[in-house]
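Student: One file: my_file12.cif (mmCIF, C-alpha atoms).
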```
data_data
#
loop_
_atom_site.label_atom_id
_atom_site.label_comp_id
_atom_site.auth_asym_id
_atom_site.auth_seq_id
_atom_site.Cartn_x
_atom_site.Cartn_y
_atom_site.Cartn_z
CA MET B 29 -15.73 41.88 177.85
CA LYS B 30 -17.62 43.55 175.06
CA ILE B 31 -19.79 41.30 173.01
CA ALA B 32 -20.26 42.32 169.42
CA LYS B 33 -23.82 41.64 168.27
CA ASP B 34 -23.24 39.64 165.18
CA GLN B 35 -25.96 40.09 162.62
CA SER B 36 -24.25 38.26 159.80
CA LEU B 37 -22.85 34.77 159.81
CA ASP B 38 -19.52 35.94 158.52
CA ILE B 39 -17.65 35.70 161.76
CA GLN B 40 -14.25 36.08 160.13
CA GLU B 41 -14.96 39.79 159.61
CA THR B 42 -15.73 40.69 163.20
CA VAL B 43 -13.19 41.75 165.77
CA PRO B 44 -12.11 38.59 167.57
CA SER B 45 -14.77 38.41 170.24
CA SER B 46 -16.33 35.81 172.39
CA THR B 47 -18.98 35.26 169.73
CA ALA B 48 -16.63 33.12 167.69
CA GLU B 49 -15.65 31.13 170.73
CA LEU B 50 -19.22 30.75 171.80
CA LEU B 51 -20.20 29.43 168.41
CA ARG B 52 -17.33 26.99 168.52
CA GLN B 53 -18.47 25.77 171.90
CA LEU B 54 -22.02 25.54 170.63
CA VAL B 55 -21.04 23.57 167.53
CA ALA B 56 -18.96 21.18 169.63
CA HIS B 57 -21.94 20.57 171.89
CA LEU B 58 -24.20 19.94 168.90
CA ARG B 59 -21.73 17.50 167.41
CA GLN B 60 -21.25 15.64 170.65
CA ASN B 61 -24.94 15.20 171.19
CA ARG B 62 -25.67 14.56 167.57
CA THR B 63 -27.32 11.19 168.00
CA ASP B 64 -29.65 12.23 170.81
CA LEU B 65 -30.61 15.55 169.29
CA ARG B 66 -31.23 14.07 165.89
CA GLU B 67 -33.46 11.40 167.37
CA GLU B 68 -35.36 13.99 169.38
CA TRP B 69 -35.85 16.01 166.23
CA ALA B 70 -37.07 13.06 164.19
CA ARG B 71 -39.45 12.21 167.01
CA ARG B 72 -40.84 15.72 167.01
CA ILE B 73 -41.24 15.66 163.25
CA THR B 74 -43.36 12.55 163.44
CA GLN B 75 -45.28 13.93 166.40
CA ALA B 76 -46.08 17.09 164.45
CA GLU B 77 -47.23 14.89 161.58
CA LEU B 78 -44.84 16.43 159.12
CA LEU B 79 -43.24 14.74 156.13
CA THR B 80 -46.15 12.29 155.97
CA ALA B 81 -45.18 11.56 152.37
CA MET B 82 -41.99 9.90 153.61
CA ASP B 83 -41.49 6.79 155.72
CA ASP B 84 -39.49 6.69 158.97
CA GLU B 85 -36.29 5.52 157.35
CA GLU B 86 -36.35 8.31 154.80
CA ILE B 87 -37.13 10.88 157.44
CA PHE B 88 -34.20 9.66 159.49
CA ALA B 89 -31.85 9.75 156.52
CA GLU B 90 -32.86 13.27 155.54
CA ALA B 91 -32.85 14.40 159.16
CA THR B 92 -29.27 13.22 159.45
CA SER B 93 -28.00 15.18 156.49
CA VAL B 94 -30.03 18.29 157.35
CA TYR B 95 -28.64 18.16 160.89
CA ASP B 96 -25.07 17.84 159.70
CA ASN B 97 -25.43 20.62 157.17
CA TYR B 98 -27.12 22.80 159.76
CA VAL B 99 -24.29 22.37 162.24
CA GLU B 100 -21.73 22.93 159.51
CA ALA B 101 -23.46 26.18 158.51
CA LEU B 102 -23.29 27.27 162.13
CA GLU B 103 -19.63 26.36 162.25
CA THR B 104 -18.35 27.81 158.99
CA GLY B 105 -20.61 30.82 159.09
CA THR B 106 -21.16 30.60 155.35
CA LEU B 107 -24.42 29.77 153.67
CA GLU B 108 -23.29 28.58 150.24
CA ALA B 109 -23.01 24.95 151.20
CA LEU B 110 -26.37 25.15 152.92
CA GLN B 111 -27.98 26.81 149.91
CA ALA B 112 -26.64 24.12 147.64
CA TYR B 113 -27.80 21.42 150.01
CA SER B 114 -31.18 23.07 150.33
CA ARG B 115 -31.67 23.13 146.56
CA ASN B 116 -30.56 19.54 146.36
CA LEU B 117 -32.93 18.50 149.15
CA SER B 118 -35.81 20.36 147.52
CA GLU B 119 -35.18 18.68 144.20
CA ARG B 120 -35.53 15.34 145.93
CA ILE B 121 -38.52 15.95 148.11
CA ILE B 122 -40.72 18.15 145.96
CA PRO B 123 -41.61 15.27 143.61
CA ARG B 124 -42.50 13.33 146.75
CA GLY B 125 -45.19 15.87 147.47
CA VAL B 126 -43.57 17.60 150.42
CA GLN B 127 -45.14 21.00 151.07
CA THR B 128 -43.54 24.31 151.98
CA ASP B 129 -45.11 24.36 155.43
CA GLU B 130 -43.54 20.98 156.16
CA VAL B 131 -40.07 22.11 155.21
CA VAL B 132 -40.33 25.31 157.21
CA GLY B 133 -41.86 23.30 160.03
CA ILE B 134 -39.05 20.78 160.32
CA VAL B 135 -36.32 23.41 160.17
CA LEU B 136 -38.02 25.38 162.92
CA LEU B 137 -38.39 22.19 164.95
CA LEU B 138 -34.67 21.56 164.65
CA ARG B 139 -34.02 25.11 165.77
CA ASP B 140 -36.24 24.48 168.81
CA VAL B 141 -34.67 21.14 169.64
CA LEU B 142 -31.17 22.62 169.54
CA ALA B 143 -32.22 25.67 171.54
CA ARG B 144 -33.78 23.50 174.23
CA SER B 145 -30.59 21.54 174.42
CA LEU B 146 -28.68 24.78 174.96
CA PHE B 147 -31.09 25.84 177.70
CA ALA B 148 -30.50 22.52 179.41
CA LYS B 149 -26.74 22.73 179.15
CA TYR B 150 -26.26 26.35 180.23
CA GLN B 151 -29.14 26.66 182.67
CA ALA B 152 -26.77 27.22 185.58
CA ASP B 153 -25.26 30.37 184.07
CA PHE B 154 -27.98 32.65 182.77
CA ASN B 155 -25.51 35.22 181.46
CA LEU B 156 -23.58 32.66 179.50
CA LEU B 157 -26.82 31.18 178.19
CA ASN B 158 -27.82 34.63 176.94
CA ARG B 159 -24.50 35.08 175.17
CA ILE B 160 -24.73 31.65 173.61
CA LEU B 161 -28.23 32.44 172.40
CA ASP B 162 -27.01 35.79 171.07
CA ALA B 163 -24.64 33.86 168.89
CA TYR B 164 -27.04 31.06 168.06
CA GLU B 165 -30.29 32.84 167.28
CA PRO B 166 -29.28 35.05 164.35
CA ALA B 167 -27.43 32.14 162.82
CA ALA B 168 -30.32 29.74 163.30
CA ASN B 169 -32.77 32.25 161.83
CA ARG B 170 -30.59 32.79 158.81
CA ILE B 171 -30.42 29.05 158.30
CA ALA B 172 -34.18 28.59 158.58
CA ASN B 173 -34.65 31.40 156.11
CA THR B 174 -32.13 29.97 153.67
CA VAL B 175 -33.66 26.53 153.65
CA ALA B 176 -37.21 27.83 153.27
CA VAL B 177 -36.30 30.25 150.51
CA GLY B 178 -34.29 27.57 148.74
CA PHE B 179 -37.29 25.26 148.84
CA VAL B 180 -39.68 27.85 147.50
CA GLN B 181 -37.31 28.89 144.74
CA GLU B 182 -36.93 25.29 143.68
CA ARG B 183 -40.70 24.88 143.54
CA GLU B 184 -41.00 27.98 141.42
CA ARG B 185 -38.28 26.74 139.12
CA ILE B 186 -40.08 23.44 138.66
CA ILE B 187 -43.37 25.18 137.99
CA ARG B 188 -41.75 27.35 135.33
CA GLN B 189 -40.14 24.30 133.80
CA GLN B 190 -43.45 22.47 133.66
CA GLN B 191 -45.18 25.46 132.16
CA ASP B 192 -42.59 25.60 129.41
CA ALA B 193 -43.03 21.90 128.79
CA ILE B 194 -46.77 22.34 128.51
CA ARG B 195 -46.32 25.14 126.08
CA GLU B 196 -44.11 22.98 123.92
CA LEU B 197 -46.74 20.27 124.00
CA SER B 198 -49.01 22.62 122.16
CA THR B 199 -49.62 21.14 118.80
CA PRO B 200 -48.37 23.13 115.84
CA VAL B 201 -50.73 24.53 113.28
CA LEU B 202 -50.76 22.03 110.41
CA GLN B 203 -51.46 22.60 106.76
CA VAL B 204 -53.24 19.61 105.21
CA ARG B 205 -54.26 21.14 101.91
CA GLU B 206 -53.60 24.36 100.10
CA ARG B 207 -55.33 27.09 102.14
CA LEU B 208 -56.53 24.57 104.78
CA LEU B 209 -55.10 24.45 108.28
CA ILE B 210 -55.82 22.08 111.13
CA LEU B 211 -55.25 22.93 114.77
CA PRO B 212 -55.75 19.77 116.88
CA ILE B 213 -55.89 20.70 120.55
CA ILE B 214 -55.06 18.14 123.19
CA GLY B 215 -55.13 18.36 126.96
CA VAL B 216 -56.03 21.03 129.41
CA MET B 217 -57.09 24.38 128.08
CA ASP B 218 -56.47 27.31 130.34
CA PRO B 219 -56.81 30.96 129.37
CA GLN B 220 -53.09 31.35 128.92
CA ARG B 221 -52.79 28.37 126.61
CA ALA B 222 -55.89 29.43 124.72
CA ARG B 223 -54.36 32.83 124.13
CA GLN B 224 -51.11 31.30 122.97
CA LEU B 225 -52.95 29.01 120.56
CA THR B 226 -54.87 31.94 119.12
CA GLU B 227 -51.72 33.89 118.46
CA GLN B 228 -50.13 30.84 116.88
CA LEU B 229 -53.18 30.26 114.71
CA LEU B 230 -53.44 33.84 113.48
CA ARG B 231 -49.78 33.85 112.54
CA GLY B 232 -50.31 30.52 110.79
CA ILE B 233 -53.27 31.86 108.83
CA ARG B 234 -51.19 34.72 107.58
CA ALA B 235 -48.12 32.61 106.83
CA ASN B 236 -50.02 29.87 105.00
CA ARG B 237 -52.65 32.19 103.51
CA ALA B 238 -55.29 29.86 104.84
CA ARG B 239 -58.92 30.34 103.91
CA VAL B 240 -60.28 27.62 106.19
CA VAL B 241 -59.16 26.43 109.60
CA VAL B 242 -60.40 23.33 111.39
CA ILE B 243 -59.93 23.53 115.16
CA ASP B 244 -60.37 20.08 116.63
CA ILE B 245 -61.03 19.87 120.34
CA THR B 246 -61.72 16.14 120.60
CA GLY B 247 -58.80 15.93 123.01
CA VAL B 248 -60.14 18.62 125.33
CA ALA B 249 -62.38 17.27 128.07
CA ALA B 250 -63.83 20.45 129.45
CA ILE B 251 -63.55 24.19 129.16
CA ASP B 252 -64.68 27.05 131.34
CA SER B 253 -66.45 30.19 130.23
CA HIS B 254 -63.20 32.11 129.81
CA VAL B 255 -61.83 29.56 127.40
CA ALA B 256 -65.16 29.27 125.61
CA ASN B 257 -65.20 33.02 125.05
CA HIS B 258 -61.64 32.80 123.92
CA LEU B 259 -62.64 30.20 121.36
CA VAL B 260 -65.32 32.51 120.02
CA GLN B 261 -62.79 35.33 119.88
CA THR B 262 -60.42 33.10 117.96
CA VAL B 263 -63.13 32.42 115.41
CA GLU B 264 -63.85 36.14 115.07
CA ALA B 265 -60.21 37.15 114.83
CA SER B 266 -59.61 34.49 112.17
CA ARG B 267 -62.47 35.89 110.17
CA LEU B 268 -60.83 39.31 110.25
CA LEU B 269 -57.90 37.67 108.53
CA GLY B 270 -60.23 36.27 105.91
CA ALA B 271 -60.36 32.69 107.21
CA THR B 272 -63.39 30.60 108.08
CA VAL B 273 -63.13 28.49 111.21
CA ILE B 274 -64.78 25.10 111.70
CA VAL B 275 -64.71 23.69 115.22
CA THR B 276 -64.92 19.93 115.52
CA GLY B 277 -64.96 17.31 118.23
CA LEU B 278 -67.00 19.04 120.90
CA SER B 279 -67.65 16.67 123.76
CA PRO B 280 -71.14 16.54 125.32
CA GLU B 281 -69.76 18.42 128.33
CA ILE B 282 -68.33 21.18 126.22
CA ALA B 283 -71.51 21.39 124.17
CA GLN B 284 -73.42 21.85 127.41
CA THR B 285 -70.97 24.48 128.66
CA LEU B 286 -71.31 26.47 125.47
CA VAL B 287 -75.08 26.40 125.63
CA ASN B 288 -75.09 27.32 129.32
CA ILE B 289 -72.77 30.24 128.76
CA GLY B 290 -75.00 31.48 126.00
CA VAL B 291 -72.33 31.55 123.35
CA ASP B 292 -73.69 32.97 120.14
CA LEU B 293 -73.78 29.72 118.20
CA GLY B 294 -74.44 31.59 114.99
CA LYS B 295 -70.84 32.66 115.14
CA MET B 296 -69.55 29.13 115.53
CA ASN B 297 -69.40 26.78 112.62
CA THR B 298 -69.23 23.31 114.16
CA VAL B 299 -69.10 19.78 112.84
CA GLY B 300 -69.21 16.57 114.88
CA ASP B 301 -65.80 15.09 114.21
CA LEU B 302 -62.52 15.91 112.52
CA GLN B 303 -63.30 13.88 109.43
CA GLY B 304 -66.55 15.76 108.95
CA GLY B 305 -64.78 19.02 109.56
CA ILE B 306 -62.14 18.35 106.92
CA GLU B 307 -64.77 17.27 104.43
CA GLU B 308 -66.71 20.47 105.06
CA ALA B 309 -63.53 22.51 104.73
CA GLU B 310 -62.69 20.87 101.42
CA ARG B 311 -66.16 21.60 100.20
CA LEU B 312 -65.78 25.26 101.14
CA LEU B 313 -62.49 25.41 99.31
CA GLY B 314 -63.94 23.81 96.22
CA TYR B 315 -62.22 20.46 96.54
CA LYS B 316 -63.95 17.22 95.77
CA VAL B 317 -62.46 13.87 96.81
CA VAL B 318 -63.05 11.18 94.22
CA ALA B 319 -62.12 7.51 94.52
CA LEU B 320 -59.82 6.29 91.76
CA THR B 321 -61.22 3.31 89.92
CA GLU B 322 -58.63 0.58 89.86
CA ALA B 323 -57.74 -0.79 86.45
CA THR B 324 -56.72 -4.44 86.68
CA PRO B 325 -53.59 -5.09 84.62
CA GLN B 326 -54.02 -7.75 81.96
CA ASP B 327 -51.13 -10.19 81.97
CA MET H 13 -51.82 68.44 108.15
CA PRO H 14 -54.30 66.02 106.59
CA VAL H 15 -52.81 62.67 105.60
CA PRO H 16 -53.87 61.72 102.08
CA VAL H 17 -54.57 58.09 101.33
CA PRO H 18 -53.66 57.01 97.79
CA ILE H 19 -56.61 55.54 95.91
CA LEU H 20 -55.76 53.50 92.84
CA LYS H 21 -58.17 52.46 90.17
CA GLN H 22 -57.79 48.88 88.97
CA SER H 23 -60.32 48.26 86.20
CA HIS H 24 -63.66 48.19 88.02
CA TYR H 25 -62.18 48.36 91.50
CA LEU H 26 -60.76 51.02 93.75
CA ILE H 27 -57.85 50.20 96.03
CA ALA H 28 -57.22 52.49 98.98
CA THR H 29 -53.96 51.74 100.75
CA ILE H 30 -53.63 53.25 104.21
CA GLN H 31 -49.94 53.81 104.77
CA SER H 32 -49.82 55.24 108.26
CA ALA H 33 -52.03 55.86 111.26
CA LEU H 34 -54.97 58.09 110.44
CA ASN H 35 -56.73 60.37 112.84
CA ASP H 36 -60.49 60.54 113.00
CA ALA H 37 -60.75 63.42 110.53
CA ASP H 38 -58.53 61.64 107.99
CA LEU H 39 -60.69 58.54 108.26
CA LEU H 40 -63.85 60.47 107.58
CA ARG H 41 -62.18 62.20 104.65
CA LEU H 42 -61.17 58.83 103.22
CA ARG H 43 -64.67 57.50 103.65
CA ASP H 44 -66.21 60.45 101.86
CA LYS H 45 -63.64 60.37 99.07
CA LEU H 46 -64.22 56.67 98.39
CA VAL H 47 -67.99 57.04 98.39
CA ASP H 48 -67.62 59.89 95.94
CA LYS H 49 -65.21 58.10 93.60
CA VAL H 50 -67.28 54.93 93.50
CA GLY H 51 -69.92 57.01 91.79
CA SER H 52 -67.74 59.11 89.54
CA LEU H 53 -65.62 56.17 88.36
CA ARG H 54 -68.52 53.67 88.35
CA SER H 55 -66.57 51.13 90.41
CA LYS H 56 -67.98 47.76 91.35
CA GLY H 57 -65.72 47.08 94.29
CA VAL H 58 -63.53 48.79 96.88
CA ILE H 59 -60.55 47.37 98.73
CA VAL H 60 -59.29 49.15 101.83
CA ASP H 61 -55.82 47.90 102.70
CA VAL H 62 -55.00 48.34 106.39
CA THR H 63 -51.78 46.29 106.43
CA ALA H 64 -49.81 49.25 107.76
CA LEU H 65 -52.11 49.88 110.71
CA ASP H 66 -51.03 48.74 114.17
CA VAL H 67 -54.33 49.64 115.68
CA LEU H 68 -57.97 49.62 114.64
CA ASP H 69 -59.97 51.26 117.36
CA SER H 70 -63.73 51.41 117.69
CA PHE H 71 -64.01 54.70 115.82
CA ALA H 72 -61.99 53.39 112.90
CA SER H 73 -63.97 50.17 112.69
CA ARG H 74 -67.27 52.06 112.92
CA THR H 75 -66.14 54.35 110.12
CA VAL H 76 -65.08 51.37 108.04
CA ARG H 77 -68.45 49.76 108.58
CA ASP H 78 -70.24 52.97 107.61
CA LEU H 79 -68.02 53.16 104.55
CA ALA H 80 -69.03 49.66 103.49
CA TYR H 81 -72.73 50.40 103.95
CA MET H 82 -72.53 53.67 102.07
CA ILE H 83 -70.59 52.09 99.22
CA ARG H 84 -73.08 49.28 98.97
CA LEU H 85 -75.83 51.87 98.65
CA ARG H 86 -73.83 53.28 95.76
CA GLY H 87 -73.79 49.88 94.09
CA ALA H 88 -70.39 48.46 95.04
CA GLU H 89 -68.88 45.88 97.39
CA THR H 90 -66.21 46.63 100.00
CA VAL H 91 -63.58 44.32 101.42
CA ILE H 92 -61.03 45.14 104.13
CA VAL H 93 -57.68 43.46 103.71
CA GLY H 94 -54.46 43.22 105.67
CA ILE H 95 -55.66 43.21 109.26
CA GLN H 96 -52.60 42.05 111.18
CA PRO H 97 -52.85 39.13 113.65
CA GLU H 98 -52.06 41.36 116.63
CA VAL H 99 -54.64 43.91 115.51
CA ALA H 100 -57.29 41.21 114.98
CA PHE H 101 -56.57 39.81 118.42
CA ALA H 102 -56.85 43.22 120.07
CA MET H 103 -60.05 43.99 118.22
CA VAL H 104 -61.91 40.86 119.24
CA GLN H 105 -60.80 41.33 122.83
CA LEU H 106 -62.39 44.75 122.78
CA GLY H 107 -65.50 43.26 121.24
CA ILE H 108 -65.00 44.94 117.87
CA THR H 109 -65.93 42.28 115.38
CA MET H 110 -66.94 44.16 112.22
CA GLU H 111 -69.33 41.35 111.45
CA ASP H 112 -71.09 42.88 108.52
CA VAL H 113 -67.96 43.84 106.70
CA ALA H 114 -66.15 41.49 104.33
CA THR H 115 -62.51 40.85 105.17
CA ALA H 116 -59.70 39.07 103.39
CA LEU H 117 -56.10 38.27 104.17
CA ASP H 118 -54.38 40.48 101.60
CA LEU H 119 -54.75 42.33 98.33
CA GLU H 120 -54.72 39.17 96.23
CA GLU H 121 -57.43 37.56 98.34
CA GLY H 122 -59.39 40.77 98.36
CA LEU H 123 -59.39 40.95 94.57
CA ALA H 124 -60.38 37.28 94.33
CA TYR H 125 -63.24 37.97 96.71
CA LEU H 126 -64.46 40.92 94.69
CA ASP H 127 -64.22 38.89 91.49
CA ARG H 128 -66.44 36.22 93.03
CA LYS H 129 -68.84 38.74 94.49
CA THR H 130 -69.23 40.88 91.42
CA GLN H 131 -68.91 38.03 88.98
CA HIS H 132 -66.19 39.73 87.08
CA GLY H 133 -64.23 36.87 85.58
CA LYS H 134 -61.12 38.55 84.30
CA ARG H 135 -59.23 41.41 85.79
CA ALA H 136 -56.38 43.18 84.06
CA LEU H 137 -53.17 43.21 86.09
#
```
Is it possible to express this structure as structure tokens?

Tutor:
Amino acid sequence: MKIAKDQSLDIQETVPSSTAELLRQLVAHLRQNRTDLREEWARRITQAELLTAMDDEEIFAEATSVYDNYVEALETGTLEALQAYSRNLSERIIPRGVQTDEVVGIVLLLRDVLARSLFAKYQADFNLLNRILDAYEPAANRIANTVAVGFVQERERIIRQQQDAIRELSTPVLQVRERLLILPIIGVMDPQRARQLTEQLLRGIRANRARVVVIDITGVAAIDSHVANHLVQTVEASRLLGATVIVTGLSPEIAQTLVNIGVDLGKMNTVGDLQGGIEEAERLLGYKVVALTEATPQD
Amino acid sequence: MPVPVPILKQSHYLIATIQSALNDADLLRLRDKLVDKVGSLRSKGVIVDVTALDVLDSFASRTVRDLAYMIRLRGAETVIVGIQPEVAFAMVQLGITMEDVATALDLEEGLAYLDRKTQHGKRAL
């Protein structure tokens, strides 16, 4: 009997061969021994110290559904359900802190546990064992691949989502007086965000025809030399658009960083806090803030 | 084919509006023409409008700086206006800062700057 080497899981396409029957036999065996095999797998997971972020009950629950989906993928020969399940699983476990190596690890462990079980069952007939493995291995590899890729893709999707959220957190450029803009920066400054802020600021200077900009970094704990240089560049680029920049709110750490880097402080106009910065800006623009004397009404 | 840059006289000021990319020779020609006219027309200030430029490379910025120095020696102030945000960004990344040259956002700001600098109160529009 000729055995067609089946490289894809789409068994419906192949000439009716023993591969389909073998897979059916295999799936039946896996279903029958579901309880034992699943327990063995969960045991191995714990032994390998994987999924440490989850407790035993959770591991068991997830192991159950992964097992069932795995066997179903073997049975139906299609990956869509598995892909959907894999994405779903990833969505749940990524926030729990589960790592890629753990996910790949547990799927490979399941593959091993099931393979061992096949060895045990078909050990008497080496030829049959080989044929069963011929049917099992490509399918199992495809499954492992699908789950791992699904996990990684989900991680990447989440990272992109978070990056977008961070970008939206960026404070807008605010006009507080005619020709005076404030850019309050809060949170972590990385080179990419710094670049984005600069572009936003330069566009804002042009749109609002600003002559003075106050960049407040009270909310920034620390910066590295890249970001510090970027800050200097922002000041210089703003000047090319005819605006003076005042930087306010430098923390002691940032002040130290700037000195250590050797930033040309002559280029940086700095004031201690935002209030001081705005007052300086108003002065530069020719504003003077005067308290109104209150006239008491005579009744 | 040399690209001419229109130079307008506005009372005591000269306004040179660059309308398209200039090659090195055109830039030098512009520089020399402005330095010449500042003397012949007795101007107190020069505005070079680079709004239309997508790029200001190191040669252009050096020439602009030389232009400003030469014009100052001839008794007038120079201000560069209209540097686009993208151009400014690119320039500072390349380390071209044009520190000694006055810059302003646009023509209106440039004229206001020259008024302050040269203490010319009124300018005819």

Student: So what does the PyMOL selection byres ((chain H and resi 41) around 12) actually pick up in this one, as a PyMOL selection string?

Tutor: chain H and resi 14-17+34-40+42-48+75-76+79

Student: Any chance you could work out the residue set of the PyMOL selection byres ((chain H and resi 84) around 12) here, as a PyMOL selection string?

Tutor: chain H and resi 46-47+50-51+55-58+77-83+85-91+112-114+130

Student: For this file, the PyMOL selection byres ((chain H) within 9 of (chain B)) selects which residues, as a list in words?

Tutor: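 Listing what the PyMOL selection byres ((chain H) within 9 of (chain B)) selects in the shown file: Ile92, Val93, Gly94, Ile95, Gln96, Pro97, Glu98, Val99, Ala100, Phe101, Ala102, Met103, Val104, Gln105, Gly107, Thr109, Met110, Glu111, Ala114, Thr115, Ala116, Leu117, Asp118, Glu121 and Gly122 of chain H.
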
Student: Enter the distance from atom CA of Val201 of chain B to atom CA of Ala319 of chain B, in Å, rounded to one decimal.

Tutor: 27.8 Å

Student: Find the residues around Ala64 of chain H up to 8 Å (all atoms listed in the file counted), leave out those fewer than 3 positions away in its own chain, and share them as JSON, numbers by chain.

Tutor: {"H": [30, 31, 32, 33, 61, 94]}

Student: Extract, using all atoms listed in the file, all DNA, RNA and protein residues at most 8 Å from Ser253 of chain B, discarding same-chain residues fewer than 4 positions from it, and format them as a list of chain:residue names.

Tutor: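 Using all atoms listed in the file, the neighbours found are B:Asn257, B:Thr285, B:Leu286, B:Ile289.
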
Student: For a test of reading the model, state the distance in Å between atom CA of Ile243 of chain B and atom CA of Ile274 of chain B, rounded to one decimal.

Tutor: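 Interatomic distance, atom CA of Ile243 of chain B to atom CA of Ile274 of chain B: 6.2 Å.
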
Student: Compute the distance from (-60.6, 17.5, 123.5) to each atom, counting only C-alpha atoms, keep the residues with any atom at most 10 Å away, and return them as an NGL selection string; use the coordinates of the file.

Tutor: :B and (212-217 or 244-251 or 276-279 or 282)

Student: What gap, in Å, lies between atom CA of Val275 of chain B and atom CA of Tyr125 of chain H?

Tutor: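 About the pair atom CA of Val275 of chain B and atom CA of Tyr125 of chain H: they are 23.4 Å apart.
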
Student: May I have the residues within 9 Å of Leu54 of chain B as a tab-separated table (two decimals) with C-alpha atoms, in the coordinates of the input, using only C-alpha atoms and disregarding those fewer than 5 positions away in the same chain?

Tutor:
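Below you can see part38.tsv, which holds the result:
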```tsv
chain	number	residue	atom	x	y	z
B	49	GLU	CA	-15.65	31.13	170.73
B	59	ARG	CA	-21.73	17.50	167.41
B	102	LEU	CA	-23.29	27.27	162.13
B	103	GLU	CA	-19.63	26.36	162.25
B	146	LEU	CA	-28.68	24.78	174.96
B	160	ILE	CA	-24.73	31.65	173.61
B	163	ALA	CA	-24.64	33.86	168.89
B	164	TYR	CA	-27.04	31.06	168.06
```

Student: Measuring atom to atom with all atoms listed in the file, identify which of H:Gln131, H:Lys21, H:Leu126, H:Ile108 is nearest to Phe71 of chain H.

Tutor: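 Selected residue with least distance to Phe71 of chain H: H:Ile108.
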